[in-house]
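Have a look at target_21.tsv below; it lists TSV, C-alpha atoms (C1' of nucleotides).
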```tsv
chain	number	residue	atom	x	y	z
A	236	MET	CA	0.00	0.00	0.00
A	237	ILE	CA	1.19	3.45	-0.87
A	238	GLY	CA	1.01	6.11	1.80
A	239	LYS	CA	0.64	9.87	1.48
A	240	ASN	CA	-1.78	9.56	-1.37
A	241	LYS	CA	-2.99	13.09	-1.05
A	242	HIS	CA	0.46	14.50	-1.56
A	243	ILE	CA	1.30	12.12	-4.35
A	244	SER	CA	-1.84	12.93	-6.28
A	245	ARG	CA	-0.10	15.89	-7.86
A	246	ILE	CA	2.11	13.52	-9.78
A	247	VAL	CA	-0.64	10.97	-10.34
A	248	ASP	CA	-3.05	13.57	-11.69
A	249	SER	CA	-0.50	15.04	-14.00
A	250	PHE	CA	0.23	11.58	-15.37
A	251	LEU	CA	-3.37	10.56	-15.84
A	252	GLN	CA	-3.99	13.75	-17.76
A	253	LYS	CA	-1.17	13.02	-20.15
A	254	GLY	CA	-2.12	9.39	-20.60
A	255	ILE	CA	1.09	8.13	-19.08
A	256	LYS	CA	0.74	4.73	-17.50
A	257	LEU	CA	0.74	4.60	-13.74
A	258	THR	CA	2.66	1.48	-12.99
A	259	HIS	CA	3.31	0.16	-9.56
A	260	GLN	CA	6.99	1.03	-9.86
A	261	ARG	CA	6.27	4.62	-10.77
A	262	LYS	CA	3.98	5.03	-7.80
A	263	VAL	CA	6.60	3.71	-5.42
A	264	ILE	CA	9.31	5.91	-6.90
A	265	ALA	CA	7.00	8.91	-6.73
A	266	GLN	CA	6.39	8.17	-3.08
A	267	VAL	CA	10.07	7.85	-2.31
A	268	ILE	CA	10.81	11.18	-3.92
A	269	THR	CA	7.86	12.87	-2.29
A	270	ASP	CA	8.91	11.58	1.11
A	271	ALA	CA	12.57	12.49	0.71
A	272	SER	CA	13.55	15.65	2.51
A	273	ASP	CA	17.18	15.26	1.56
A	274	HIS	CA	18.41	15.22	-2.03
A	275	PRO	CA	18.99	11.59	-2.92
A	276	ASP	CA	20.94	10.39	-5.94
A	277	ALA	CA	19.61	7.75	-8.32
A	278	ASN	CA	21.09	4.87	-6.41
A	279	GLU	CA	19.67	6.14	-3.13
A	280	VAL	CA	16.22	6.42	-4.71
A	281	PHE	CA	16.67	2.89	-5.99
A	282	MET	CA	17.55	1.55	-2.54
A	283	ARG	CA	14.63	3.24	-0.84
A	284	ALA	CA	12.19	2.15	-3.50
A	285	ASN	CA	13.57	-1.34	-3.35
A	286	LYS	CA	13.05	-1.50	0.38
A	287	ILE	CA	9.37	-0.76	-0.16
A	288	ASP	CA	9.07	-3.17	-3.06
A	289	ASN	CA	11.89	-5.31	-4.36
A	290	ARG	CA	10.40	-5.62	-7.85
A	291	ILE	CA	12.07	-2.36	-8.81
A	292	SER	CA	15.29	-2.22	-10.78
A	293	LEU	CA	17.88	0.50	-11.01
A	294	ALA	CA	17.19	0.82	-14.73
A	295	THR	CA	13.57	1.63	-13.99
A	296	VAL	CA	14.61	4.19	-11.43
A	297	TYR	CA	16.71	5.94	-14.06
A	298	ARG	CA	13.95	5.76	-16.63
A	299	THR	CA	11.38	7.02	-14.17
A	300	ILE	CA	13.57	9.84	-12.98
A	301	LYS	CA	14.00	10.97	-16.56
A	302	LEU	CA	10.25	10.73	-17.08
A	303	PHE	CA	9.62	12.80	-13.96
A	304	GLU	CA	12.11	15.40	-15.07
A	305	GLU	CA	10.47	15.70	-18.46
A	306	ASN	CA	7.13	16.13	-16.76
A	307	LYS	CA	8.46	18.73	-14.37
A	308	VAL	CA	7.80	16.93	-11.15
A	309	LEU	CA	11.46	16.34	-10.41
A	310	ASN	CA	14.48	18.57	-10.44
A	311	ARG	CA	18.06	17.52	-11.05
A	312	ILE	CA	20.81	19.14	-9.04
A	313	GLU	CA	24.45	18.78	-10.00
A	314	LEU	CA	26.81	19.14	-7.12
A	315	GLY	CA	30.24	19.20	-8.72
A	316	GLY	CA	30.72	15.46	-8.49
A	317	LYS	CA	29.73	13.05	-11.20
A	318	LYS	CA	26.42	11.88	-9.87
A	319	ALA	CA	23.24	13.87	-10.15
A	320	ARG	CA	20.93	14.34	-7.18
A	321	TYR	CA	17.22	14.97	-7.22
A	322	GLU	CA	14.41	16.74	-5.44
A	323	GLU	CA	10.71	17.05	-5.94
A	324	LEU	CA	9.86	20.10	-7.95
A	325	THR	CA	7.50	22.42	-6.13
A	326	ASP	CA	5.89	25.62	-7.26
A	327	SER	CA	8.25	27.94	-5.50
A	328	HIS	CA	11.71	28.10	-6.91
A	329	HIS	CA	14.57	27.84	-4.50
A	330	ASP	CA	18.33	27.58	-4.58
A	331	HIS	CA	20.86	25.69	-2.53
A	332	LEU	CA	23.53	26.47	0.00
A	333	ILE	CA	25.94	23.59	0.47
A	334	ASP	CA	27.89	23.18	3.68
A	335	ILE	CA	31.39	22.41	2.44
A	336	ASP	CA	32.31	20.59	5.63
A	337	THR	CA	29.31	18.35	6.09
A	338	GLY	CA	27.72	18.24	2.63
A	339	ASP	CA	24.41	19.42	4.08
A	340	ILE	CA	22.13	21.17	1.66
A	341	ILE	CA	20.07	24.13	2.81
A	342	GLU	CA	17.33	25.46	0.61
A	343	PHE	CA	16.58	29.13	0.36
A	344	VAL	CA	14.64	31.64	-1.67
A	345	ASP	CA	15.76	35.16	-2.33
A	346	ASP	CA	13.59	37.31	-4.51
A	347	GLU	CA	16.11	40.10	-4.70
A	348	ILE	CA	18.67	37.84	-6.34
A	349	GLU	CA	16.07	36.49	-8.74
A	350	GLU	CA	15.21	40.02	-9.77
A	351	LEU	CA	18.84	40.88	-10.33
A	352	GLN	CA	19.34	37.80	-12.43
A	353	LYS	CA	16.54	38.85	-14.74
A	354	LYS	CA	18.06	42.29	-14.97
A	355	VAL	CA	21.52	40.96	-15.78
A	356	ALA	CA	20.17	38.65	-18.48
A	357	LYS	CA	18.21	41.49	-20.01
A	358	LYS	CA	21.27	43.72	-20.04
A	359	LEU	CA	23.04	41.01	-22.05
A	360	GLY	CA	20.15	40.81	-24.50
A	361	TYR	CA	18.48	37.72	-23.12
A	362	SER	CA	15.25	36.84	-21.44
A	363	LEU	CA	15.83	34.61	-18.45
A	364	VAL	CA	14.31	31.17	-18.83
A	365	ASP	CA	15.89	29.37	-15.91
A	366	HIS	CA	18.81	29.57	-13.57
A	367	LYS	CA	20.90	27.50	-11.29
A	368	MET	CA	22.65	28.88	-8.26
A	369	GLU	CA	24.58	27.11	-5.59
A	370	LEU	CA	26.37	28.76	-2.72
A	371	PHE	CA	29.14	26.98	-0.90
A	372	GLY	CA	29.77	28.03	2.68
A	373	LYS	CA	31.30	27.26	6.01
A	374	LYS	CA	29.15	27.39	9.11
A	375	ILE	CA	29.87	30.42	11.27
A	376	LYS	CA	30.75	29.31	14.76
A	377	THR	CA	28.44	30.76	17.36
A	378	ASN	CA	30.35	30.11	20.57
B	1112	MET	CA	57.82	26.53	-30.32
B	1113	ILE	CA	55.27	27.81	-27.88
B	1114	GLY	CA	53.66	31.13	-28.62
B	1115	LYS	CA	52.23	33.70	-26.21
B	1116	ASN	CA	55.03	33.17	-23.74
B	1117	LYS	CA	54.27	36.31	-21.87
B	1118	HIS	CA	50.74	35.22	-21.12
B	1119	ILE	CA	51.71	31.68	-20.28
B	1120	SER	CA	54.40	32.77	-17.87
B	1121	ARG	CA	51.80	33.04	-15.13
B	1122	ILE	CA	51.38	29.30	-15.15
B	1123	VAL	CA	55.06	28.61	-15.76
B	1124	ASP	CA	56.15	30.84	-12.89
B	1125	SER	CA	53.67	29.35	-10.51
B	1126	PHE	CA	54.92	25.86	-11.39
B	1127	LEU	CA	58.59	26.68	-11.10
B	1128	GLN	CA	57.99	28.16	-7.68
B	1129	LYS	CA	56.34	25.01	-6.46
B	1130	GLY	CA	58.95	22.72	-7.98
B	1131	ILE	CA	56.51	21.10	-10.37
B	1132	LYS	CA	58.13	19.80	-13.53
B	1133	LEU	CA	57.47	21.75	-16.66
B	1134	THR	CA	57.16	19.08	-19.26
B	1135	HIS	CA	56.61	19.69	-22.91
B	1136	GLN	CA	53.09	18.30	-22.63
B	1137	ARG	CA	52.17	20.64	-19.83
B	1138	LYS	CA	53.40	23.65	-21.75
B	1139	VAL	CA	51.33	22.71	-24.77
B	1140	ILE	CA	48.22	22.11	-22.68
B	1141	ALA	CA	48.76	25.40	-20.87
B	1142	GLN	CA	48.95	27.13	-24.20
B	1143	VAL	CA	45.80	25.50	-25.48
B	1144	ILE	CA	43.87	26.56	-22.41
B	1145	THR	CA	45.30	30.06	-22.45
B	1146	ASP	CA	44.40	30.46	-26.10
B	1147	ALA	CA	40.87	29.08	-25.74
B	1148	SER	CA	38.19	31.70	-25.60
B	1149	ASP	CA	35.43	29.14	-25.53
B	1150	HIS	CA	35.03	26.58	-22.74
B	1151	PRO	CA	36.46	23.33	-24.06
B	1152	ASP	CA	35.91	19.94	-22.47
B	1153	ALA	CA	38.74	17.52	-21.80
B	1154	ASN	CA	38.50	15.83	-25.15
B	1155	GLU	CA	38.51	19.14	-26.97
B	1156	VAL	CA	41.64	20.19	-25.10
B	1157	PHE	CA	43.15	16.87	-26.04
B	1158	MET	CA	42.40	17.34	-29.73
B	1159	ARG	CA	43.77	20.87	-29.82
B	1160	ALA	CA	46.90	19.89	-27.92
B	1161	ASN	CA	47.34	16.90	-30.15
B	1162	LYS	CA	47.17	19.04	-33.24
B	1163	ILE	CA	50.09	21.08	-31.92
B	1164	ASP	CA	52.03	18.05	-30.83
B	1165	ASN	CA	50.87	14.49	-31.31
B	1166	ARG	CA	52.92	13.14	-28.40
B	1167	ILE	CA	50.10	14.04	-26.02
B	1168	SER	CA	47.63	11.49	-24.73
B	1169	LEU	CA	44.15	11.96	-23.34
B	1170	ALA	CA	45.28	10.55	-20.01
B	1171	THR	CA	47.88	13.27	-19.73
B	1172	VAL	CA	45.32	15.89	-20.56
B	1173	TYR	CA	43.16	14.65	-17.70
B	1174	ARG	CA	46.10	14.51	-15.33
B	1175	THR	CA	47.26	17.96	-16.35
B	1176	ILE	CA	43.82	19.45	-16.04
B	1177	LYS	CA	43.58	18.10	-12.53
B	1178	LEU	CA	47.00	19.50	-11.75
B	1179	PHE	CA	45.99	22.89	-13.10
B	1180	GLU	CA	42.82	22.87	-11.06
B	1181	GLU	CA	44.72	22.09	-7.90
B	1182	ASN	CA	47.08	24.93	-8.64
B	1183	LYS	CA	44.27	27.35	-9.35
B	1184	VAL	CA	45.07	28.13	-12.94
B	1185	LEU	CA	42.06	26.33	-14.30
B	1186	ASN	CA	38.42	26.36	-13.43
B	1187	ARG	CA	35.96	23.54	-13.95
B	1188	ILE	CA	32.43	24.37	-15.09
B	1189	GLU	CA	29.64	21.83	-14.99
B	1190	LEU	CA	26.95	22.54	-17.51
B	1191	GLY	CA	24.22	20.05	-16.75
B	1192	GLY	CA	25.63	17.35	-18.96
B	1193	LYS	CA	28.05	14.71	-17.86
B	1194	LYS	CA	31.23	16.20	-19.12
B	1195	ALA	CA	33.07	18.96	-17.36
B	1196	ARG	CA	34.28	21.96	-19.28
B	1197	TYR	CA	37.16	24.23	-18.43
B	1198	GLU	CA	38.38	27.79	-18.56
B	1199	GLU	CA	41.51	29.57	-17.51
B	1200	LEU	CA	41.16	30.99	-14.05
B	1201	THR	CA	41.62	34.71	-13.96
B	1202	ASP	CA	41.63	37.08	-11.03
B	1203	SER	CA	38.13	38.40	-11.49
B	1204	HIS	CA	35.32	36.02	-10.74
B	1205	HIS	CA	32.57	35.74	-13.30
B	1206	ASP	CA	29.45	33.70	-13.95
B	1207	HIS	CA	27.86	32.28	-17.06
B	1208	LEU	CA	24.77	32.90	-19.12
B	1209	ILE	CA	23.98	30.02	-21.44
B	1210	ASP	CA	22.00	30.55	-24.62
B	1211	ILE	CA	19.52	27.69	-24.55
B	1212	ASP	CA	19.11	27.72	-28.31
B	1213	THR	CA	22.71	27.83	-29.45
B	1214	GLY	CA	24.67	26.66	-26.41
B	1215	ASP	CA	26.74	29.83	-26.46
B	1216	ILE	CA	28.25	30.83	-23.17
B	1217	ILE	CA	28.45	34.46	-22.19
B	1218	GLU	CA	30.54	35.51	-19.23
B	1219	PHE	CA	29.47	38.27	-16.92
B	1220	VAL	CA	30.27	39.84	-13.59
B	1221	ASP	CA	27.71	41.38	-11.31
B	1222	ASP	CA	28.90	42.73	-8.01
B	1223	GLU	CA	25.41	43.35	-6.72
B	1224	ILE	CA	24.52	39.68	-6.99
B	1225	GLU	CA	27.78	38.68	-5.35
B	1226	GLU	CA	27.01	40.99	-2.45
B	1227	LEU	CA	23.54	39.56	-2.05
B	1228	GLN	CA	24.90	36.05	-2.07
B	1229	LYS	CA	27.19	36.86	0.83
B	1230	LYS	CA	24.27	38.40	2.65
B	1231	VAL	CA	22.03	35.39	2.07
B	1232	ALA	CA	24.71	32.99	3.27
B	1233	LYS	CA	25.27	35.06	6.37
B	1234	LYS	CA	21.58	35.14	7.12
B	1235	LEU	CA	21.64	31.33	7.07
B	1236	GLY	CA	24.61	31.24	9.42
B	1237	TYR	CA	27.30	30.62	6.84
B	1238	SER	CA	30.27	32.47	5.47
B	1239	LEU	CA	30.37	32.25	1.70
B	1240	VAL	CA	33.38	30.37	0.38
B	1241	ASP	CA	32.41	29.96	-3.24
B	1242	HIS	CA	29.43	29.96	-5.51
B	1243	LYS	CA	28.26	28.75	-8.84
B	1244	MET	CA	25.62	30.52	-10.86
B	1245	GLU	CA	24.38	29.84	-14.33
B	1246	LEU	CA	21.62	31.69	-16.09
B	1247	PHE	CA	19.79	30.13	-18.97
B	1248	GLY	CA	18.20	32.48	-21.45
B	1249	LYS	CA	16.76	33.03	-24.87
B	1250	LYS	CA	18.09	35.81	-27.04
B	1251	ILE	CA	15.71	38.73	-27.28
B	1252	LYS	CA	14.94	39.41	-30.92
B	1253	THR	CA	15.87	42.93	-31.94
B	1254	ASN	CA	14.10	43.26	-35.27
C	785	DT	C1'	70.91	10.02	-11.60
C	786	DT	C1'	66.85	10.40	-9.30
C	787	DT	C1'	62.37	11.59	-9.26
C	788	DC	C1'	58.67	12.56	-11.46
C	789	DC	C1'	55.88	12.18	-15.86
C	790	DT	C1'	54.03	9.86	-19.77
C	791	DG	C1'	51.54	6.57	-23.01
C	792	DC	C1'	48.96	2.70	-23.29
C	793	DA	C1'	45.33	-0.02	-22.25
C	794	DA	C1'	42.48	-1.71	-18.87
C	795	DA	C1'	39.35	-0.61	-15.10
C	796	DG	C1'	36.05	2.36	-12.91
C	797	DG	C1'	31.60	4.76	-11.82
C	798	DG	C1'	27.38	6.61	-13.29
C	799	DT	C1'	23.91	6.21	-16.79
C	800	DT	C1'	21.60	4.31	-20.89
C	801	DT	C1'	19.77	0.74	-23.93
C	802	DG	C1'	18.31	-3.80	-26.66
C	803	DC	C1'	15.69	-7.45	-25.95
C	804	DA	C1'	12.12	-10.56	-24.56
C	805	DC	C1'	8.75	-10.76	-21.03
C	806	DG	C1'	5.17	-8.55	-18.15
C	807	DT	C1'	1.48	-5.17	-17.04
C	808	DG	C1'	-1.89	-1.05	-17.17
C	809	DT	C1'	-5.76	0.62	-19.61
D	132	DA	C1'	-5.63	-7.01	-27.03
D	133	DC	C1'	-2.47	-3.54	-27.56
D	134	DA	C1'	0.74	-0.40	-26.45
D	135	DC	C1'	3.72	0.59	-23.30
D	136	DG	C1'	6.81	-0.50	-19.18
D	137	DT	C1'	10.02	-3.57	-16.96
D	138	DG	C1'	14.20	-6.48	-15.54
D	139	DC	C1'	18.41	-8.03	-16.85
D	140	DA	C1'	22.79	-7.58	-18.55
D	141	DA	C1'	25.56	-5.60	-21.75
D	142	DA	C1'	26.99	-1.27	-23.67
D	143	DC	C1'	28.25	3.57	-23.14
D	144	DC	C1'	30.59	7.71	-21.94
D	145	DC	C1'	33.67	10.24	-19.32
D	146	DT	C1'	37.31	9.84	-16.22
D	147	DT	C1'	40.91	7.50	-13.52
D	148	DT	C1'	44.76	4.30	-12.75
D	149	DG	C1'	48.67	0.47	-12.86
D	150	DC	C1'	52.56	-0.30	-15.11
D	151	DA	C1'	56.86	-0.05	-17.57
D	152	DG	C1'	59.39	3.06	-20.34
D	153	DG	C1'	60.89	8.16	-20.83
D	154	DA	C1'	62.11	12.84	-19.73
D	155	DA	C1'	62.95	17.07	-16.48
D	156	DA	C1'	65.88	18.76	-12.83
```

File written out as structure tokens:
Amino acid sequence: MIGKNKHISRIVDSFLQKGIKLTHQRKVIAQVITDASDHPDANEVFMRANKIDNRISLATVYRTIKLFEENKVLNRIELGGKKARYEELTDSHHDHLIDIDTGDIIEFVDDEIEELQKKVAKKLGYSLVDHKMELFGKKIKTN
Amino acid sequence: MIGKNKHISRIVDSFLQKGIKLTHQRKVIAQVITDASDHPDANEVFMRANKIDNRISLATVYRTIKLFEENKVLNRIELGGKKARYEELTDSHHDHLIDIDTGDIIEFVDDEIEELQKKVAKKLGYSLVDHKMELFGKKIKTN
DNA sequence: TTTCCTGCAAAGGGTTTGCACGTGT
DNA sequence: ACACGTGCAAACCCTTTGCAGGAAA
């Protein structure tokens, strides 16, 4: 049985509308991603999905992740290394601050920066379609 | 014979100081990177270096690129795909605007954004060590 | 000469894909 | 029933590495 059905319905609805088949595997993977508060990589998604239901292969995880990306329910983040990590795509855009000591990822939104980005793009003769911003920082000691 | 010796001397000097051997291969690769105004990937660097001198292998290009990165003369850029691309590291930091239609990369500097980034990091309890920002845009038609 | 560097080819890690079988609608 | 999705294993792409020969200091 799949939990959190209310939350998942966003993905389900969007798929039904487009006539994409809702397989068992896709539901489980959707749940895993919806439940994840960290930013798992493909293999991590695979392991979590597999724990719920062992009929799921890594290949399917990759295919499903790609499908989710194409349907804008999943966002890929590249963190310098060679593996991609993922997060559920929500309505509000946010960026990431990465703790260089621990690898923790903190999400934040800053409208001022977003405004400036649009302005910069415009100055260069472009209209901004998307952006990616990652800050890397060290925690300030508070003792 | 290696051209642009004046420009290259930055890398050469830095290597001599640290006692790193200045092999023929390294000089050629340094030249290729110094001369590149685009943002070549490892294989592209290899091909250009190889055209100048065919005694250079892809493995050496990778090893040299890593060496250059460690010595802060080269900067790695990750552009969503799986291959890394590179540019010579200069004193002034800049970010990239990518034309989503042509793949062109435009470099820009915006101090205001940099300031805001520091501020945002601080607000979250971090001191900013580095950042990565890429804007994706469509050219505004001017006809 | 000594130490470090190189080329080659093989291995590595993450991701994708061809194929025959299985499943949602 | 039909079209599409899946598991498996092999293939792929980019990058790294072990080794024996080669070059810089």

At most 7 Å to chain C: residues in chain A, all atoms listed in the file, as number ranges by chain: A: 256, 258, 318

Counting all atoms listed in the file, which residues in chain D sit no more than 8 Å from chain B? For each one, give the nearest pair of atoms and the distance in Å, sorted by chain then residue number, as a tab-separated table.
```
residue	atom	partner	partner_atom	distance
D:DC145	C1'	B:Lys1194	CA	6.4
D:DT146	C1'	B:Tyr1173	CA	7.7
D:DA154	C1'	B:Thr1134	CA	8.0
D:DA155	C1'	B:Lys1132	CA	6.3
D:DA156	C1'	B:Lys1132	CA	7.9
```

Could you write out as a compact mmCIF listing (two decimals) with C-alpha atoms, in the coordinates of the input the residues of chain A within 12 Å of chain B, counting all atoms listed in the file?
```txt
# COMPACT_ATOMS: atom_id res chain seq x y z
CA ASN A 310 14.48 18.57 -10.44
CA ARG A 311 18.06 17.52 -11.05
CA ILE A 312 20.81 19.14 -9.04
CA GLU A 313 24.45 18.78 -10.00
CA LEU A 314 26.81 19.14 -7.12
CA GLY A 315 30.24 19.20 -8.72
CA GLY A 316 30.72 15.46 -8.49
CA LYS A 317 29.73 13.05 -11.20
CA LYS A 318 26.42 11.88 -9.87
CA ALA A 319 23.24 13.87 -10.15
CA ARG A 320 20.93 14.34 -7.18
CA ASP A 330 18.33 27.58 -4.58
CA HIS A 331 20.86 25.69 -2.53
CA LEU A 332 23.53 26.47 0.00
CA ILE A 333 25.94 23.59 0.47
CA ASP A 334 27.89 23.18 3.68
CA ILE A 335 31.39 22.41 2.44
CA ASP A 336 32.31 20.59 5.63
CA ASP A 339 24.41 19.42 4.08
CA ILE A 340 22.13 21.17 1.66
CA ILE A 341 20.07 24.13 2.81
CA GLU A 342 17.33 25.46 0.61
CA PHE A 343 16.58 29.13 0.36
CA VAL A 344 14.64 31.64 -1.67
CA ASP A 345 15.76 35.16 -2.33
CA ASP A 346 13.59 37.31 -4.51
CA GLU A 347 16.11 40.10 -4.70
CA ILE A 348 18.67 37.84 -6.34
CA GLU A 349 16.07 36.49 -8.74
CA GLU A 350 15.21 40.02 -9.77
CA LEU A 351 18.84 40.88 -10.33
CA GLN A 352 19.34 37.80 -12.43
CA LYS A 353 16.54 38.85 -14.74
CA LYS A 354 18.06 42.29 -14.97
CA VAL A 355 21.52 40.96 -15.78
CA ALA A 356 20.17 38.65 -18.48
CA LYS A 357 18.21 41.49 -20.01
CA LYS A 358 21.27 43.72 -20.04
CA LEU A 359 23.04 41.01 -22.05
CA GLY A 360 20.15 40.81 -24.50
CA TYR A 361 18.48 37.72 -23.12
CA SER A 362 15.25 36.84 -21.44
CA LEU A 363 15.83 34.61 -18.45
CA VAL A 364 14.31 31.17 -18.83
CA ASP A 365 15.89 29.37 -15.91
CA HIS A 366 18.81 29.57 -13.57
CA LYS A 367 20.90 27.50 -11.29
CA MET A 368 22.65 28.88 -8.26
CA GLU A 369 24.58 27.11 -5.59
CA LEU A 370 26.37 28.76 -2.72
CA PHE A 371 29.14 26.98 -0.90
CA GLY A 372 29.77 28.03 2.68
CA LYS A 373 31.30 27.26 6.01
CA LYS A 374 29.15 27.39 9.11
CA ILE A 375 29.87 30.42 11.27
CA LYS A 376 30.75 29.31 14.76
CA THR A 377 28.44 30.76 17.36
```

Would you write out chain B as a short mmCIF file (atom, residue, chain, number, x, y, z; two decimals) with C-alpha atoms, in the frame of the given file, after superposing it on chain A by least squares over all in-order Cα pairs?
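Once everything was written out, this is result_36.cif:
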```
data_model
loop_
_atom_site.label_atom_id
_atom_site.label_comp_id
_atom_site.auth_asym_id
_atom_site.auth_seq_id
_atom_site.Cartn_x
_atom_site.Cartn_y
_atom_site.Cartn_z
CA MET B 1112 -0.03 0.07 0.16
CA ILE B 1113 1.18 3.51 -0.72
CA GLY B 1114 1.03 6.16 1.95
CA LYS B 1115 0.65 9.92 1.59
CA ASN B 1116 -1.84 9.56 -1.22
CA LYS B 1117 -3.01 13.09 -0.94
CA HIS B 1118 0.45 14.46 -1.54
CA ILE B 1119 1.25 12.03 -4.31
CA SER B 1120 -1.94 12.79 -6.17
CA ARG B 1121 -0.24 15.73 -7.84
CA ILE B 1122 1.97 13.36 -9.77
CA VAL B 1123 -0.76 10.78 -10.26
CA ASP B 1124 -3.21 13.34 -11.62
CA SER B 1125 -0.68 14.82 -13.96
CA PHE B 1126 0.09 11.35 -15.33
CA LEU B 1127 -3.51 10.30 -15.75
CA GLN B 1128 -4.21 13.47 -17.68
CA LYS B 1129 -1.42 12.78 -20.10
CA GLY B 1130 -2.31 9.12 -20.52
CA ILE B 1131 0.92 7.88 -19.00
CA LYS B 1132 0.62 4.48 -17.37
CA LEU B 1133 0.68 4.43 -13.62
CA THR B 1134 2.63 1.33 -12.86
CA HIS B 1135 3.32 0.02 -9.42
CA GLN B 1136 6.99 0.93 -9.80
CA ARG B 1137 6.22 4.50 -10.69
CA LYS B 1138 3.96 4.92 -7.70
CA VAL B 1139 6.63 3.63 -5.36
CA ILE B 1140 9.30 5.86 -6.88
CA ALA B 1141 6.96 8.84 -6.69
CA GLN B 1142 6.42 8.11 -3.05
CA VAL B 1143 10.11 7.82 -2.33
CA ILE B 1144 10.80 11.15 -3.96
CA THR B 1145 7.86 12.84 -2.29
CA ASP B 1146 8.95 11.55 1.09
CA ALA B 1147 12.61 12.51 0.66
CA SER B 1148 13.60 15.68 2.41
CA ASP B 1149 17.22 15.30 1.45
CA HIS B 1150 18.43 15.26 -2.16
CA PRO B 1151 18.99 11.63 -3.07
CA ASP B 1152 20.90 10.44 -6.11
CA ALA B 1153 19.57 7.78 -8.45
CA ASN B 1154 21.09 4.91 -6.55
CA GLU B 1155 19.71 6.18 -3.27
CA VAL B 1156 16.24 6.41 -4.78
CA PHE B 1157 16.71 2.89 -6.05
CA MET B 1158 17.65 1.56 -2.62
CA ARG B 1159 14.75 3.26 -0.89
CA ALA B 1160 12.27 2.12 -3.52
CA ASN B 1161 13.69 -1.36 -3.36
CA LYS B 1162 13.22 -1.50 0.37
CA ILE B 1163 9.52 -0.79 -0.12
CA ASP B 1164 9.19 -3.21 -2.98
CA ASN B 1165 12.01 -5.35 -4.30
CA ARG B 1166 10.50 -5.67 -7.78
CA ILE B 1167 12.14 -2.39 -8.78
CA SER B 1168 15.33 -2.24 -10.79
CA LEU B 1169 17.89 0.52 -11.09
CA ALA B 1170 17.14 0.83 -14.79
CA THR B 1171 13.52 1.59 -14.01
CA VAL B 1172 14.55 4.16 -11.47
CA TYR B 1173 16.61 5.92 -14.13
CA ARG B 1174 13.81 5.70 -16.67
CA THR B 1175 11.26 6.94 -14.17
CA ILE B 1176 13.44 9.79 -13.03
CA LYS B 1177 13.81 10.90 -16.62
CA LEU B 1178 10.07 10.63 -17.09
CA PHE B 1179 9.46 12.70 -13.98
CA GLU B 1180 11.90 15.34 -15.13
CA GLU B 1181 10.20 15.61 -18.49
CA ASN B 1182 6.88 16.01 -16.75
CA LYS B 1183 8.20 18.63 -14.38
CA VAL B 1184 7.65 16.82 -11.14
CA LEU B 1185 11.31 16.30 -10.47
CA ASN B 1186 14.30 18.56 -10.55
CA ARG B 1187 17.87 17.53 -11.21
CA ILE B 1188 20.66 19.18 -9.22
CA GLU B 1189 24.29 18.85 -10.19
CA LEU B 1190 26.61 19.26 -7.27
CA GLY B 1191 30.07 19.29 -8.77
CA GLY B 1192 30.50 15.56 -8.64
CA LYS B 1193 29.57 13.18 -11.38
CA LYS B 1194 26.29 11.97 -10.08
CA ALA B 1195 23.10 13.93 -10.37
CA ARG B 1196 20.85 14.35 -7.37
CA TYR B 1197 17.14 14.98 -7.35
CA GLU B 1198 14.36 16.75 -5.54
CA GLU B 1199 10.65 17.03 -5.98
CA LEU B 1200 9.75 20.06 -8.01
CA THR B 1201 7.51 22.43 -6.17
CA ASP B 1202 5.92 25.65 -7.31
CA SER B 1203 8.34 27.99 -5.62
CA HIS B 1204 11.81 28.13 -7.04
CA HIS B 1205 14.68 27.87 -4.61
CA ASP B 1206 18.46 27.63 -4.63
CA HIS B 1207 20.96 25.73 -2.56
CA LEU B 1208 23.61 26.52 0.01
CA ILE B 1209 26.03 23.67 0.51
CA ASP B 1210 27.93 23.25 3.76
CA ILE B 1211 31.45 22.53 2.59
CA ASP B 1212 32.33 20.70 5.78
CA THR B 1213 29.35 18.41 6.16
CA GLY B 1214 27.81 18.32 2.69
CA ASP B 1215 24.47 19.46 4.08
CA ILE B 1216 22.22 21.21 1.64
CA ILE B 1217 20.12 24.13 2.75
CA GLU B 1218 17.38 25.46 0.51
CA PHE B 1219 16.61 29.13 0.27
CA VAL B 1220 14.68 31.63 -1.77
CA ASP B 1221 15.79 35.17 -2.38
CA ASP B 1222 13.63 37.32 -4.59
CA GLU B 1223 16.14 40.13 -4.72
CA ILE B 1224 18.75 37.91 -6.32
CA GLU B 1225 16.21 36.54 -8.77
CA GLU B 1226 15.32 40.08 -9.79
CA LEU B 1227 18.94 41.00 -10.29
CA GLN B 1228 19.51 37.93 -12.40
CA LYS B 1229 16.73 38.96 -14.75
CA LYS B 1230 18.22 42.42 -14.92
CA VAL B 1231 21.70 41.12 -15.68
CA ALA B 1232 20.42 38.84 -18.42
CA LYS B 1233 18.47 41.68 -19.96
CA LYS B 1234 21.49 43.93 -19.90
CA LEU B 1235 23.33 41.26 -21.92
CA GLY B 1236 20.48 41.05 -24.42
CA TYR B 1237 18.85 37.92 -23.08
CA SER B 1238 15.58 37.00 -21.47
CA LEU B 1239 16.15 34.74 -18.49
CA VAL B 1240 14.68 31.28 -18.93
CA ASP B 1241 16.23 29.49 -15.99
CA HIS B 1242 19.11 29.69 -13.61
CA LYS B 1243 21.19 27.61 -11.31
CA MET B 1244 22.87 28.99 -8.24
CA GLU B 1245 24.76 27.23 -5.53
CA LEU B 1246 26.47 28.87 -2.61
CA PHE B 1247 29.22 27.12 -0.75
CA GLY B 1248 29.78 28.14 2.83
CA LYS B 1249 31.24 27.34 6.20
CA LYS B 1250 29.04 27.42 9.25
CA ILE B 1251 29.68 30.44 11.43
CA LYS B 1252 30.52 29.29 14.93
CA THR B 1253 28.13 30.69 17.51
CA ASN B 1254 29.97 29.95 20.74
#
```
